[in-house]
$ cat final38.txt   # compact mmCIF, C-alpha atoms
# COMPACT_ATOMS: atom_id res chain seq x y z
CA MET A 1098 9.33 28.53 2.77
CA GLN A 1099 10.85 30.42 5.66
CA ARG A 1100 14.02 32.38 5.04
CA SER A 1101 16.50 33.63 7.60
CA THR A 1102 15.51 37.26 7.25
CA GLU A 1103 16.88 38.45 10.61
CA ARG A 1104 18.92 35.49 11.82
CA ILE A 1105 20.02 32.02 10.75
CA LEU A 1106 17.13 29.61 11.29
CA THR A 1107 17.75 26.05 12.47
CA THR A 1108 16.24 22.82 11.19
CA HIS A 1109 17.14 19.15 10.78
CA THR A 1110 16.47 16.35 8.31
CA GLY A 1111 13.49 14.72 9.96
CA SER A 1112 14.19 11.54 11.87
CA LEU A 1113 14.71 11.91 15.62
CA PRO A 1114 15.28 9.28 18.34
CA ARG A 1115 12.29 7.08 19.11
CA PRO A 1116 11.60 5.83 22.65
CA GLU A 1117 12.89 2.34 23.38
CA ALA A 1118 9.42 0.86 23.87
CA LEU A 1119 8.32 2.11 20.45
CA THR A 1120 11.48 0.85 18.78
CA GLN A 1121 10.98 -2.60 20.26
CA LEU A 1122 7.43 -2.75 18.91
CA TYR A 1123 8.56 -1.64 15.45
CA VAL A 1124 11.29 -4.29 15.42
CA LYS A 1125 8.89 -7.06 16.42
CA ARG A 1126 6.44 -6.00 13.74
CA SER A 1127 9.18 -5.92 11.09
CA ARG A 1128 10.08 -9.50 12.03
CA GLY A 1129 6.51 -10.64 11.60
CA GLU A 1130 5.98 -11.16 15.32
CA PRO A 1131 2.56 -10.36 16.81
CA VAL A 1132 2.26 -6.84 18.19
CA ASP A 1133 -0.51 -4.68 19.58
CA GLN A 1134 -1.07 -2.07 16.88
CA THR A 1135 -3.15 -0.03 19.31
CA GLU A 1136 -0.13 0.20 21.60
CA ILE A 1137 2.09 1.27 18.71
CA ASP A 1138 -0.41 3.97 17.81
CA ARG A 1139 -0.64 5.16 21.40
CA ILE A 1140 3.09 5.37 22.04
CA GLY A 1141 3.73 6.85 18.61
CA SER A 1142 1.16 9.59 19.19
CA ASP A 1143 2.57 10.40 22.62
CA SER A 1144 6.09 10.43 21.19
CA VAL A 1145 5.15 13.12 18.68
CA ARG A 1146 4.07 15.39 21.52
CA ASP A 1147 7.31 14.73 23.39
CA ILE A 1148 9.53 15.20 20.35
CA VAL A 1149 7.93 18.51 19.39
CA ALA A 1150 8.54 19.86 22.90
CA LYS A 1151 12.15 18.68 22.82
CA GLN A 1152 12.77 20.39 19.49
CA HIS A 1153 11.38 23.63 20.85
CA ASP A 1154 13.57 23.39 23.95
CA ALA A 1155 16.63 22.71 21.78
CA GLY A 1156 15.98 25.79 19.65
CA ILE A 1157 14.78 24.23 16.39
CA ASP A 1158 12.95 26.78 14.24
CA VAL A 1159 11.75 24.59 11.36
CA GLY A 1160 10.76 21.28 12.95
CA ASN A 1161 8.62 18.22 12.37
CA ASN A 1162 7.01 15.25 14.10
CA GLY A 1163 10.31 13.39 14.30
CA GLU A 1164 8.88 10.56 12.16
CA GLN A 1165 7.81 8.93 15.42
CA GLN A 1166 4.81 7.22 13.83
CA ARG A 1167 6.98 5.54 11.19
CA ASP A 1168 9.40 2.67 11.65
CA SER A 1169 11.72 3.89 8.88
CA PHE A 1170 12.01 6.84 6.56
CA PHE A 1171 10.65 4.71 3.69
CA LEU A 1172 9.74 1.22 4.94
CA TYR A 1173 6.57 2.54 6.56
CA LEU A 1174 5.18 2.47 3.02
CA ARG A 1175 4.74 -1.31 3.38
CA SER A 1176 1.32 -0.60 4.83
CA ARG A 1177 0.43 2.22 2.45
CA LEU A 1178 1.32 0.82 -0.98
CA SER A 1179 -0.08 -2.13 -2.87
CA GLY A 1180 2.17 -4.48 -4.80
CA LEU A 1181 4.80 -5.09 -2.11
CA GLY A 1182 5.57 -8.60 -0.91
CA GLY A 1183 8.27 -11.15 -0.23
CA THR A 1184 11.73 -10.09 0.92
CA TRP A 1185 15.25 -9.70 -0.38
CA THR A 1186 18.61 -8.39 0.80
CA ARG A 1187 20.10 -5.26 -0.68
CA PRO A 1188 23.54 -5.36 -2.38
CA THR A 1189 26.57 -4.62 -0.26
CA ARG A 1190 28.07 -1.14 -0.29
CA GLY A 1191 30.96 -0.42 -2.61
CA ASP A 1192 32.92 1.42 0.05
CA VAL A 1193 32.57 -1.43 2.55
CA ASP A 1194 33.47 -4.13 0.00
CA ARG A 1195 37.04 -2.85 -0.24
CA TYR A 1196 37.88 -3.17 3.46
CA PRO A 1197 37.70 -6.68 4.95
CA GLU A 1198 38.97 -5.51 8.34
CA PHE A 1199 36.31 -2.84 8.43
CA GLN A 1200 33.69 -5.47 7.53
CA LYS A 1201 34.64 -7.42 10.64
CA LEU A 1202 34.49 -4.29 12.76
CA TRP A 1203 31.11 -3.40 11.20
CA ALA A 1204 29.78 -6.87 12.03
CA ARG A 1205 30.91 -6.57 15.65
CA GLN A 1206 29.45 -3.10 16.04
CA TYR A 1207 26.11 -3.81 14.38
CA GLY A 1208 25.76 -7.54 14.98
CA GLY A 1209 23.79 -7.12 18.19
CA THR A 1210 21.78 -4.10 17.09
CA VAL A 1211 18.05 -4.40 17.58
CA GLY A 1212 16.51 -2.30 14.87
CA VAL A 1213 14.44 -2.18 11.71
CA SER A 1214 16.90 -3.00 8.93
CA ASN A 1215 17.05 -0.97 5.74
CA LEU A 1216 19.20 -3.68 4.13
CA ALA A 1217 17.80 -7.12 4.91
CA GLY A 1218 14.20 -8.32 4.79
CA ILE A 1219 13.24 -5.49 2.45
CA PRO A 1220 10.02 -6.05 0.48
CA LYS A 1221 10.04 -6.55 -3.27
CA THR A 1222 7.57 -5.18 -5.77
CA ILE A 1223 5.58 -8.15 -7.02
CA GLY A 1224 2.44 -6.40 -8.25
CA ALA A 1225 1.08 -3.07 -9.40
CA VAL A 1226 2.03 -0.22 -7.07
CA ASN A 1227 -0.79 2.03 -5.95
CA TYR A 1228 -1.34 4.20 -2.91
CA LEU A 1229 -4.02 2.32 -0.98
CA ASP A 1230 -5.78 5.31 0.60
CA ASP A 1231 -4.89 8.53 2.38
CA THR A 1232 -6.14 7.50 5.82
CA ALA A 1233 -2.70 7.00 7.37
CA ILE A 1234 -1.02 10.12 5.99
CA ASP A 1235 -4.11 12.19 6.75
CA GLY A 1236 -4.15 10.93 10.33
CA GLU A 1237 -0.45 11.59 10.74
CA CYS A 1238 -0.84 15.16 9.46
CA ARG A 1239 -3.90 15.84 11.61
CA HIS A 1240 -2.24 14.53 14.77
CA PHE A 1241 0.83 16.70 14.20
CA LYS A 1242 -1.45 19.68 13.71
CA SER A 1243 -3.25 18.95 16.98
CA VAL A 1244 0.07 18.75 18.83
CA LEU A 1245 1.19 22.06 17.35
CA ALA A 1246 -2.13 23.60 18.42
CA GLU A 1247 -1.35 22.57 22.00
CA MET A 1248 2.02 24.35 21.75
CA PRO A 1249 1.41 27.52 19.73
CA GLY A 1250 4.48 29.26 18.37
CA THR A 1251 6.67 26.18 18.67
CA PHE A 1252 8.06 26.42 15.13
CA ALA A 1253 8.56 29.23 12.65
CA GLU A 1254 7.46 26.61 10.13
CA PRO A 1255 6.60 22.90 10.43
CA PHE A 1256 7.63 20.33 7.85
CA MET A 1257 6.94 16.69 7.12
CA CYS A 1258 8.95 14.13 5.16
CA ALA A 1259 8.14 11.66 2.40
CA PRO A 1260 10.56 9.47 0.45
CA SER A 1261 11.65 9.86 -3.13
CA PRO A 1262 10.19 7.41 -5.67
CA GLY A 1263 13.79 6.51 -6.47
CA ILE A 1264 14.73 5.11 -3.07
CA VAL A 1265 11.65 2.89 -3.12
CA ALA A 1266 12.40 1.80 -6.70
CA LEU A 1267 15.91 0.57 -5.90
CA ALA A 1268 15.38 -0.61 -2.33
CA CYS A 1269 12.27 -2.63 -3.22
CA LYS A 1270 13.45 -4.97 -5.98
CA ASN A 1271 11.27 -4.77 -9.08
CA GLU A 1272 9.73 -8.10 -10.06
CA HIS A 1273 6.63 -6.70 -11.75
CA TYR A 1274 7.30 -3.80 -14.13
CA ASP A 1275 8.95 -4.33 -17.50
CA THR A 1276 11.19 -1.25 -17.26
CA LEU A 1277 12.65 1.03 -14.61
CA ASP A 1278 10.82 3.91 -16.30
CA SER A 1279 7.40 2.33 -15.81
CA TYR A 1280 8.28 1.34 -12.25
CA LEU A 1281 9.36 4.88 -11.38
CA ALA A 1282 6.27 6.33 -13.01
CA ALA A 1283 3.99 4.12 -10.90
CA LEU A 1284 5.85 5.04 -7.73
CA GLY A 1285 5.71 8.71 -8.63
CA ARG A 1286 1.94 8.56 -9.04
CA ALA A 1287 1.65 6.75 -5.71
CA MET A 1288 3.89 9.14 -3.80
CA GLN A 1289 2.04 12.12 -5.23
CA VAL A 1290 -0.77 11.25 -2.81
CA GLU A 1291 1.53 11.83 0.17
CA TYR A 1292 3.20 14.89 -1.32
CA ASP A 1293 -0.17 16.53 -1.99
CA ALA A 1294 -1.55 15.59 1.43
CA ILE A 1295 1.40 17.03 3.36
CA VAL A 1296 1.22 20.35 1.55
CA LYS A 1297 -2.59 20.45 1.70
CA HIS A 1298 -2.37 20.23 5.50
CA GLY A 1299 -0.13 23.30 5.52
CA TYR A 1300 3.29 21.71 6.00
CA LEU A 1301 6.50 22.25 4.14
CA LEU A 1302 7.28 19.03 2.25
CA GLN A 1303 10.74 17.50 2.47
CA ILE A 1304 11.44 14.78 -0.07
CA ASP A 1305 14.05 12.37 1.26
CA ALA A 1306 16.13 11.26 -1.71
CA PRO A 1307 19.30 9.51 -0.56
CA ASP A 1308 18.98 7.47 -3.76
CA LEU A 1309 20.20 10.45 -5.77
CA ALA A 1310 23.68 10.03 -4.23
CA LEU A 1311 23.71 6.83 -2.14
CA GLU A 1312 22.81 4.41 -4.92
CA ARG A 1313 26.00 5.16 -6.82
CA HIS A 1314 27.89 2.94 -4.36
CA ILE A 1315 25.11 0.36 -3.95
CA THR A 1316 22.97 -0.44 -6.98
CA TYR A 1317 25.32 1.24 -9.46
CA LYS A 1318 28.64 0.40 -7.81
CA ASP A 1319 29.83 -1.73 -10.75
CA GLN A 1320 28.50 0.53 -13.50
CA PRO A 1321 29.83 3.70 -15.13
CA VAL A 1322 28.93 6.99 -13.46
CA ALA A 1323 26.95 7.87 -16.59
CA ALA A 1324 24.54 5.02 -15.87
CA PHE A 1325 23.95 6.39 -12.38
CA GLN A 1326 23.53 9.91 -13.69
CA GLU A 1327 20.84 8.60 -16.05
CA PHE A 1328 19.00 7.15 -13.04
CA VAL A 1329 19.26 10.49 -11.24
CA GLU A 1330 17.83 12.27 -14.27
CA LYS A 1331 14.90 9.86 -14.47
CA THR A 1332 14.18 10.16 -10.76
CA VAL A 1333 14.31 13.95 -10.76
CA ALA A 1334 11.89 13.97 -13.71
CA THR A 1335 9.61 11.59 -11.77
CA ILE A 1336 9.74 13.83 -8.71
CA ASN A 1337 8.88 16.87 -10.83
CA ALA A 1338 5.88 15.06 -12.28
CA ALA A 1339 4.72 14.06 -8.78
CA LEU A 1340 4.98 17.69 -7.63
CA VAL A 1341 2.57 18.96 -10.27
CA ASN A 1342 0.17 20.23 -7.58
CA VAL A 1343 2.84 21.46 -5.14
CA PRO A 1344 4.12 25.05 -5.34
CA ARG A 1345 7.88 25.12 -5.75
CA ASP A 1346 8.36 27.14 -2.57
CA ARG A 1347 6.62 24.47 -0.47
CA VAL A 1348 9.16 21.69 -1.03
CA ARG A 1349 12.80 21.06 -0.23
CA LEU A 1350 14.90 18.13 -1.46
CA HIS A 1351 17.16 16.20 0.90
CA VAL A 1352 20.01 14.31 -0.79
CA CYS A 1353 22.76 12.38 0.98
CA TRP A 1354 25.21 9.51 0.64
CA GLY A 1355 23.71 7.29 3.32
CA ASN A 1356 23.59 7.54 7.08
CA SER A 1357 26.39 5.08 7.85
CA GLU A 1358 29.74 5.52 9.54
CA SER A 1359 31.75 3.81 6.82
CA PRO A 1360 34.65 4.76 4.49
CA HIS A 1361 32.45 6.57 1.92
CA ASP A 1362 35.40 6.66 -0.48
CA ARG A 1363 33.18 5.34 -3.26
CA ASP A 1364 30.68 8.19 -2.90
CA VAL A 1365 29.81 10.00 -6.10
CA PRO A 1366 31.15 13.57 -5.93
CA LEU A 1367 28.43 16.18 -5.56
CA GLU A 1368 29.91 17.87 -8.63
CA ASP A 1369 28.82 14.90 -10.76
CA ILE A 1370 25.17 15.11 -9.74
CA LEU A 1371 24.49 18.71 -8.69
CA PRO A 1372 23.65 19.95 -12.21
CA ILE A 1373 20.98 17.24 -12.42
CA LEU A 1374 19.68 17.85 -8.89
CA MET A 1375 19.21 21.50 -9.79
CA GLN A 1376 16.67 20.46 -12.42
CA ALA A 1377 14.31 19.54 -9.56
CA ASN A 1378 11.38 21.94 -9.26
CA VAL A 1379 11.96 22.62 -5.57
CA GLY A 1380 12.47 25.67 -3.41
CA GLY A 1381 15.61 24.44 -1.73
CA PHE A 1382 18.10 21.68 -1.03
CA VAL A 1383 19.13 19.93 2.17
CA LEU A 1384 22.72 18.73 1.85
CA PRO A 1385 25.36 17.31 4.25
CA PHE A 1386 28.45 19.46 4.75
CA ALA A 1387 29.55 18.42 8.25
CA ASN A 1388 30.90 14.92 7.59
CA PRO A 1389 34.55 14.38 6.64
CA ARG A 1390 33.84 13.24 3.06
CA HIS A 1391 31.63 16.06 1.80
CA ALA A 1392 32.45 19.03 4.05
CA HIS A 1393 34.16 20.88 1.19
CA GLU A 1394 31.43 20.55 -1.43
CA PHE A 1395 29.43 23.63 -0.44
CA LYS A 1396 32.00 25.52 -2.52
CA LEU A 1397 30.31 24.20 -5.67
CA PHE A 1398 27.52 26.73 -5.22
CA ALA A 1399 29.96 29.48 -6.20
CA ARG A 1400 30.14 27.94 -9.69
CA MET A 1401 26.62 26.48 -9.76
CA PRO A 1402 24.54 29.05 -7.88
CA LEU A 1403 21.06 28.47 -6.54
CA ASP A 1404 18.16 30.04 -8.36
CA ASP A 1405 17.11 33.37 -6.88
CA ASP A 1406 14.06 31.81 -5.22
CA GLN A 1407 15.89 28.87 -3.62
CA ILE A 1408 17.38 28.30 -0.18
CA LEU A 1409 20.09 25.94 1.07
CA VAL A 1410 19.83 23.94 4.29
CA ALA A 1411 23.46 23.26 5.10
CA GLY A 1412 24.31 20.24 7.21
CA VAL A 1413 26.62 21.64 9.89
CA ILE A 1414 26.02 18.91 12.50
CA ASP A 1415 27.25 15.35 11.87
CA SER A 1416 24.50 12.81 12.54
CA LEU A 1417 26.94 9.89 12.92
CA THR A 1418 29.25 10.95 15.72
CA ASN A 1419 28.71 11.45 19.43
CA PHE A 1420 31.06 14.42 19.38
CA VAL A 1421 29.07 17.51 20.30
CA GLU A 1422 30.22 20.21 17.89
CA HIS A 1423 31.41 23.42 19.50
CA PRO A 1424 29.13 26.38 18.67
CA GLU A 1425 32.11 28.22 17.17
CA VAL A 1426 32.68 25.31 14.79
CA VAL A 1427 29.00 25.39 13.84
CA ALA A 1428 29.13 29.15 13.32
CA ASP A 1429 32.24 28.90 11.13
CA ARG A 1430 30.55 26.31 8.93
CA ILE A 1431 27.42 28.43 8.55
CA GLU A 1432 29.43 31.54 7.70
CA ARG A 1433 31.46 29.76 5.02
CA VAL A 1434 28.30 28.50 3.35
CA ALA A 1435 26.64 31.91 3.55
CA GLU A 1436 29.67 33.52 1.92
CA VAL A 1437 29.50 31.15 -1.04
CA VAL A 1438 25.72 31.44 -1.42
CA GLY A 1439 26.14 35.21 -1.23
CA ASP A 1440 23.07 35.89 0.90
CA PRO A 1441 22.73 34.68 4.51
CA SER A 1442 18.95 34.99 4.32
CA ARG A 1443 18.96 32.00 1.95
CA VAL A 1444 20.89 29.72 4.31
CA LEU A 1445 19.44 27.58 7.10
CA ALA A 1446 21.52 25.53 9.52
CA GLY A 1447 20.73 21.83 9.69
CA THR A 1448 22.02 18.34 10.26
CA ASP A 1449 23.66 16.02 7.76
CA CYS A 1450 20.95 13.37 8.02
CA GLY A 1451 18.39 11.97 10.42
CA PHE A 1452 19.42 10.65 13.81
CA ASP A 1453 17.25 7.51 13.67
CA THR A 1454 16.37 6.98 10.01
CA SER A 1455 15.36 3.40 10.75
CA ALA A 1456 14.14 2.63 14.26
CA GLY A 1457 16.97 1.40 16.44
CA TRP A 1458 19.82 2.12 14.03
CA GLY A 1459 20.77 5.59 15.23
CA ARG A 1460 24.49 6.04 15.87
CA VAL A 1461 24.11 8.90 18.34
CA ALA A 1462 22.78 8.49 21.88
CA GLY A 1463 19.48 10.23 22.48
CA ASP A 1464 20.74 12.68 25.09
CA VAL A 1465 23.69 13.54 22.86
CA VAL A 1466 21.32 14.24 19.95
CA TRP A 1467 19.69 17.02 21.94
CA ALA A 1468 23.06 18.40 23.03
CA LYS A 1469 24.11 18.54 19.37
CA LEU A 1470 20.90 20.35 18.41
CA ARG A 1471 21.42 22.87 21.22
CA SER A 1472 24.91 23.46 19.83
CA LEU A 1473 23.32 23.96 16.41
CA ARG A 1474 21.13 26.65 17.98
CA ASP A 1475 24.04 28.32 19.73
CA GLY A 1476 26.23 28.23 16.64
CA ALA A 1477 23.44 29.73 14.55
CA ARG A 1478 23.15 32.57 17.07
CA LEU A 1479 26.87 33.28 16.84
CA ALA A 1480 26.77 33.24 13.05
CA SER A 1481 23.72 35.51 13.06
CA GLN A 1482 25.56 38.15 15.08
CA ARG A 1483 28.23 38.25 12.38
CA LEU A 1484 26.08 37.89 9.29
CA PHE A 1485 23.09 40.16 10.02

$ encode --input "final38.txt" --output "structure tokens"
Amino acid sequence: MQRSTERILTTHTGSLPRPEALTQLYVKRSRGEPVDQTEIDRIGSDSVRDIVAKQHDAGIDVGNNGEQQRDSFFLYLRSRLSGLGGTWTRPTRGDVDRYPEFQKLWARQYGGTVGVSNLAGIPKTIGAVNYLDDTAIDGECRHFKSVLAEMPGTFAEPFMCAPSPGIVALACKNEHYDTLDSYLAALGRAMQVEYDAIVKHGYLLQIDAPDLALERHITYKDQPVAAFQEFVEKTVATINAALVNVPRDRVRLHVCWGNSESPHDRDVPLEDILPILMQANVGGFVLPFANPRHAHEFKLFARMPLDDDQILVAGVIDSLTNFVEHPEVVADRIERVAEVVGDPSRVLAGTDCGFDTSAGWGRVAGDVVWAKLRSLRDGARLASQRLF
């Protein structure tokens, strides 16, 4: 895993804006409408090439394929896992439940959105979960490699994402397994196929695990925090088991509280889960420190330091606002994190979350996304001048 040995490196959390034509096709497919899969494949492949070039132009050092060939950060598994079927609607969010006026505003803002929903129409687990075959993930990895070969030197290091077993376990309602433990175990074995494939192809693996924070105010909103912490412990143990073939320094864990512009005042404090997260056998963490609810929590690493071999990707760009952060603001955020970590070479600058985690649901306009990433680059340069 790349470290910032001479300057602060820049990265992001994976999902980048998809072209409108591709989004429309993904939405139609998610609704069960007929689509031309060949056209989806063609546009998706072309979009990877475009998104890699845009990352390079914006100054991203550790970049990916933008998840262009996926309709969602986890729902793409509908075509890769057995046992999924039917639909259901996820529980409402605990922070949104408390604010009826906000609910009306939310409905007005999102009511006309054309996108692939991560809340409604989600598949359930109605049979045994197995990874069908590695054709899709292998093809995705190979295509990304071919694009990188066309643009040598684009990234200091490429990465690819795959979801945590935990987000699938709670988003896809279990109607097959007798216990959560057995359900998680099956999902862990299935996801191991993707984890192994990504690393085998030479990429850094990022495990997207919003469940390890987000689900406190969704699935566990009416339960004691101890019940949620028990889920986090089980999921981290499942992730560790699934990483049996993956060297620790080839994987980073992304944890967040959900990519929604909502009150977030029912979020579990990072302090309540960080000791458990640090049991994960990973080389680093990707955490959001730019948003107004969690911007202070980087200070916890003074009391709960990283292991000597771990890095921290600090979210210093908010993925939910069209404000373009000033480079000085970005630099200040990076410097504060580096001071707490105690070693700037172990800090990378990143974004709080993805910009289009589910096709069509991004809050930030595409051209603004690239302006924000250029500001990330410029802020990292300023911080580097002061830290190295």

$ closest_residue --input "final38.txt" --among "A:Leu1172, A:Leu1340, A:Leu1311, A:Val1434" --to "Val1213 in chain A" --atoms "all atoms listed in the file"
A:Leu1172

$ closest_residue --input "final38.txt" --among "A:Thr1332, A:Asn1161, A:Ser1101, A:Ser1112" --to "Thr1448 in chain A" --atoms "all atoms listed in the file"
A:Ser1112

$ closest_residue --input "final38.txt" --among "A:Arg1115, A:His1109, A:His1361, A:Arg1104" --to "Glu1164 in chain A" --atoms "only C-alpha atoms"
A:Arg1115

$ atom_distance --input "final38.txt" --atom1 "CA of Val1226 in chain A" --atom2 "CA of Ser1176 in chain A"
11.9 Å

$ closest_atom_pairs --input "final38.txt" --of "range 1307-1360 of chain A" --to "range 1280-1291 of chain A" --cutoff "9 Å" --atoms "all atoms listed in the file" --output "Markdown table"
| residue | atom | partner | partner_atom | distance |
| --- | --- | --- | --- | --- |
| A:Lys1331 | CA | A:Leu1281 | CA | 8.1 |
| A:Thr1332 | CA | A:Leu1281 | CA | 7.2 |
| A:Thr1335 | CA | A:Gly1285 | CA | 5.8 |
| A:Ile1336 | CA | A:Gly1285 | CA | 6.5 |
| A:Ala1338 | CA | A:Gly1285 | CA | 7.3 |
| A:Ala1339 | CA | A:Gln1289 | CA | 4.9 |
| A:Leu1340 | CA | A:Gln1289 | CA | 6.7 |
| A:Val1341 | CA | A:Gln1289 | CA | 8.5 |
| A:Asn1342 | CA | A:Gln1289 | CA | 8.6 |

$ closest_residue --input "final38.txt" --among "A:Ser1144, A:Ser1214, A:Thr1110, A:Thr1316" --to "Leu1302 in chain A" --atoms "only C-alpha atoms"
A:Thr1110

$ residues_around --input "final38.txt" --residues "Val1365 in chain A" --least-positions-apart "4" --cutoff "10 Å" --atoms "only C-alpha atoms" --output "VMD selection string"
chain A and resid 1309 to 1314 1318 1322 1325 to 1326 1354 1361 1369 to 1370

$ write_last_selection --input "final38.txt" --atoms "C-alpha atoms" --output "compact mmCIF listing (two decimals), keeping the file's coordinate frame"
# COMPACT_ATOMS: atom_id res chain seq x y z
CA LEU A 1309 20.20 10.45 -5.77
CA ALA A 1310 23.68 10.03 -4.23
CA LEU A 1311 23.71 6.83 -2.14
CA GLU A 1312 22.81 4.41 -4.92
CA ARG A 1313 26.00 5.16 -6.82
CA HIS A 1314 27.89 2.94 -4.36
CA LYS A 1318 28.64 0.40 -7.81
CA VAL A 1322 28.93 6.99 -13.46
CA PHE A 1325 23.95 6.39 -12.38
CA GLN A 1326 23.53 9.91 -13.69
CA TRP A 1354 25.21 9.51 0.64
CA HIS A 1361 32.45 6.57 1.92
CA ASP A 1369 28.82 14.90 -10.76
CA ILE A 1370 25.17 15.11 -9.74

$ closest_residue --input "final38.txt" --among "A:Leu1245, A:Val1159, A:His1273, A:Ile1105" --to "Arg1483 in chain A" --atoms "all atoms listed in the file"
A:Ile1105

$ build_atoms --input "final38.txt" --residues "range 1381-1393 of chain A" --atoms "N, CA and C atoms" --output "mmCIF file, in the frame of the given file"
data_model
loop_
_atom_site.group_PDB
_atom_site.id
_atom_site.type_symbol
_atom_site.label_atom_id
_atom_site.label_comp_id
_atom_site.auth_asym_id
_atom_site.auth_seq_id
_atom_site.Cartn_x
_atom_site.Cartn_y
_atom_site.Cartn_z
ATOM 1 N N GLY A 1381 14.348 24.487 -2.449
ATOM 2 C CA GLY A 1381 15.610 24.440 -1.730
ATOM 3 C C GLY A 1381 16.167 23.033 -1.627
ATOM 4 N N PHE A 1382 17.387 22.955 -1.161
ATOM 5 C CA PHE A 1382 18.100 21.680 -1.030
ATOM 6 C C PHE A 1382 18.605 21.528 0.400
ATOM 7 N N VAL A 1383 18.605 20.284 0.858
ATOM 8 C CA VAL A 1383 19.130 19.930 2.170
ATOM 9 C C VAL A 1383 20.306 19.000 1.924
ATOM 10 N N LEU A 1384 21.520 19.473 2.214
ATOM 11 C CA LEU A 1384 22.720 18.730 1.850
ATOM 12 C C LEU A 1384 23.684 18.629 3.036
ATOM 13 N N PRO A 1385 24.444 17.517 3.114
ATOM 14 C CA PRO A 1385 25.360 17.310 4.250
ATOM 15 C C PRO A 1385 26.742 17.903 4.011
ATOM 16 N N PHE A 1386 27.134 18.832 4.868
ATOM 17 C CA PHE A 1386 28.450 19.460 4.750
ATOM 18 C C PHE A 1386 29.251 19.385 6.044
ATOM 19 N N ALA A 1387 28.822 18.532 6.989
ATOM 20 C CA ALA A 1387 29.550 18.420 8.250
ATOM 21 C C ALA A 1387 30.462 17.198 8.273
ATOM 22 N N ASN A 1388 30.125 16.163 7.515
ATOM 23 C CA ASN A 1388 30.900 14.920 7.590
ATOM 24 C C ASN A 1388 32.236 15.069 6.868
ATOM 25 N N PRO A 1389 33.205 14.217 7.173
ATOM 26 C CA PRO A 1389 34.550 14.380 6.640
ATOM 27 C C PRO A 1389 34.689 14.155 5.135
ATOM 28 N N ARG A 1390 33.720 13.527 4.495
ATOM 29 C CA ARG A 1390 33.840 13.240 3.060
ATOM 30 C C ARG A 1390 33.293 14.365 2.187
ATOM 31 N N HIS A 1391 32.315 15.086 2.671
ATOM 32 C CA HIS A 1391 31.630 16.060 1.800
ATOM 33 C C HIS A 1391 31.642 17.484 2.370
ATOM 34 N N ALA A 1392 32.458 17.725 3.386
ATOM 35 C CA ALA A 1392 32.450 19.030 4.050
ATOM 36 C C ALA A 1392 32.900 20.168 3.137
ATOM 37 N N HIS A 1393 33.624 19.843 2.076
ATOM 38 C CA HIS A 1393 34.160 20.880 1.190
ATOM 39 C C HIS A 1393 33.217 21.245 0.037
#
